[in-house]
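Report on one structure; see the data block that follows.
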Amino acid sequence: QHAQSDVVPSLREDTTIGDQLSSMFPPDAKAPSWDVNGEYVAGKLIVYAVTHAQRLLKVGMKLTLRDLLKAAHPKEGKLDGLELRDGYLSLLVLPKVKIVEGWVSEFKSNRERDT
């Protein structure tokens with residue numbers, strides 16, 4: 001949404017996505033400078049992952065990194081898996097507001113146009 005990236009240098013496989021977001025966007029902390037509306041707060045976020053086949057996976061907050069890697073299984077016998085960009089696993093973090101619905105629709109529209 002804001003074209004911002006954070007690199008998490010180390011994330012244990014058994015850490016939940018929700019726990020990681022809580023450390024990055026705690027409810028009582030000052031919002032990052034790019035979040036002018038204060039929308040990026042743990043508990044009010046949705047996370048997505050993109051696979052090689054351009055599937056969009058909604059990531060549950062109780063999922064661990066290990067569970068997420070298992071969840072990106074092949075679909076319909078095709079090879080798939082989570083997409084790595086420059087050697088990093090990218091997760092898309094968005095606020096739970098109406099803009100998310102628009103973002104998902106736009107992603108799917110772009111995916112269909114590109115295939």
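Ordered as shown in the structure tokens, chains take letters A, B, and onward, while each chain numbers its residues from 1 and ligands are numbered from 1 in the order shown.
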
Counting only C-alpha atoms, what is within 9 Å of Leu21 in chain A, bar same-chain residues fewer than 3 positions away, as a VMD selection string? chain A and resid 16 to 18 24 to 26 41 to 43 45 61

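With distances restricted to only C-alpha atoms, A:Glu39 is the closest residue to Lys96 in chain A from A:Gly60, A:Glu39, A:Thr51, A:Leu69.
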
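Note that the spacing between CA of Thr15 in chain A and CA of Gln54 in chain A amounts to 25.1 Å.
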
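Residues of chain A that DSSP, applied to the backbone, places in strand (DSSP E): Leu45, Ile46, Val47, Tyr48, Ala49, Val50, Leu56, Leu57, Lys58, Val59, Leu84, Arg85, Tyr88, Leu89, Leu91, Leu92, Val93, Leu94 and Pro95 of chain A.
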
Dump as a compact mmCIF listing (two decimals), in the first residue's frame, selection limited to C-alpha atoms:
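The result, written out as again_7.txt:
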# COMPACT_ATOMS: atom_id res chain seq x y z
CA LEU A 45 -3.52 -6.09 9.93
CA ILE A 46 -3.97 -8.72 7.23
CA VAL A 47 -1.05 -10.61 5.73
CA TYR A 48 -0.82 -12.19 2.27
CA ALA A 49 1.84 -14.28 0.57
CA VAL A 50 2.24 -14.72 -3.20
CA LEU A 56 -2.61 -15.08 -3.23
CA LEU A 57 -2.60 -16.80 0.16
CA LYS A 58 -4.19 -15.12 3.16
CA VAL A 59 -1.87 -15.79 6.10
CA LEU A 84 11.27 -15.40 -3.13
CA ARG A 85 12.39 -11.97 -4.28
CA TYR A 88 13.80 -13.07 0.58
CA LEU A 89 10.34 -14.31 1.38
CA LEU A 91 4.82 -11.07 2.91
CA LEU A 92 2.36 -8.32 2.10
CA VAL A 93 0.98 -6.57 5.16
CA LEU A 94 -2.13 -4.43 4.82
CA PRO A 95 -4.55 -2.80 7.28

What is the CA of Arg12 in chain A-CA of Leu65 in chain A distance in Å, reported with one decimal? 7.4 Å

Using only C-alpha atoms, determine which residues lie at most 10 Å from Gly38 in chain A, disregarding the query and same-chain residues fewer than 6 positions distant; provide the list as a VMD selection string. chain A and resid 27 30 to 32 95

What residues in range 8-45 of chain A get the DSSP label alpha helix (DSSP H)? Please answer as a PyMOL selection string. chain A and resi 17-24

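Ranking A:Ser105, A:Asn110, A:Thr64, A:Gln20 by their shortest atom-to-atom distance to Val7 in chain A, with only C-alpha atoms included, puts A:Gln20 first.
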
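CA of Ser5 in chain A to CA of Trp34 in chain A spans 11.0 Å [interatomic distance, one decimal].
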
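Among the candidates A:Asp14, A:Gly81, A:Asp35, A:Asp67, the residue lying nearest to Arg55 in chain A is A:Gly81 (atoms considered: only C-alpha atoms).
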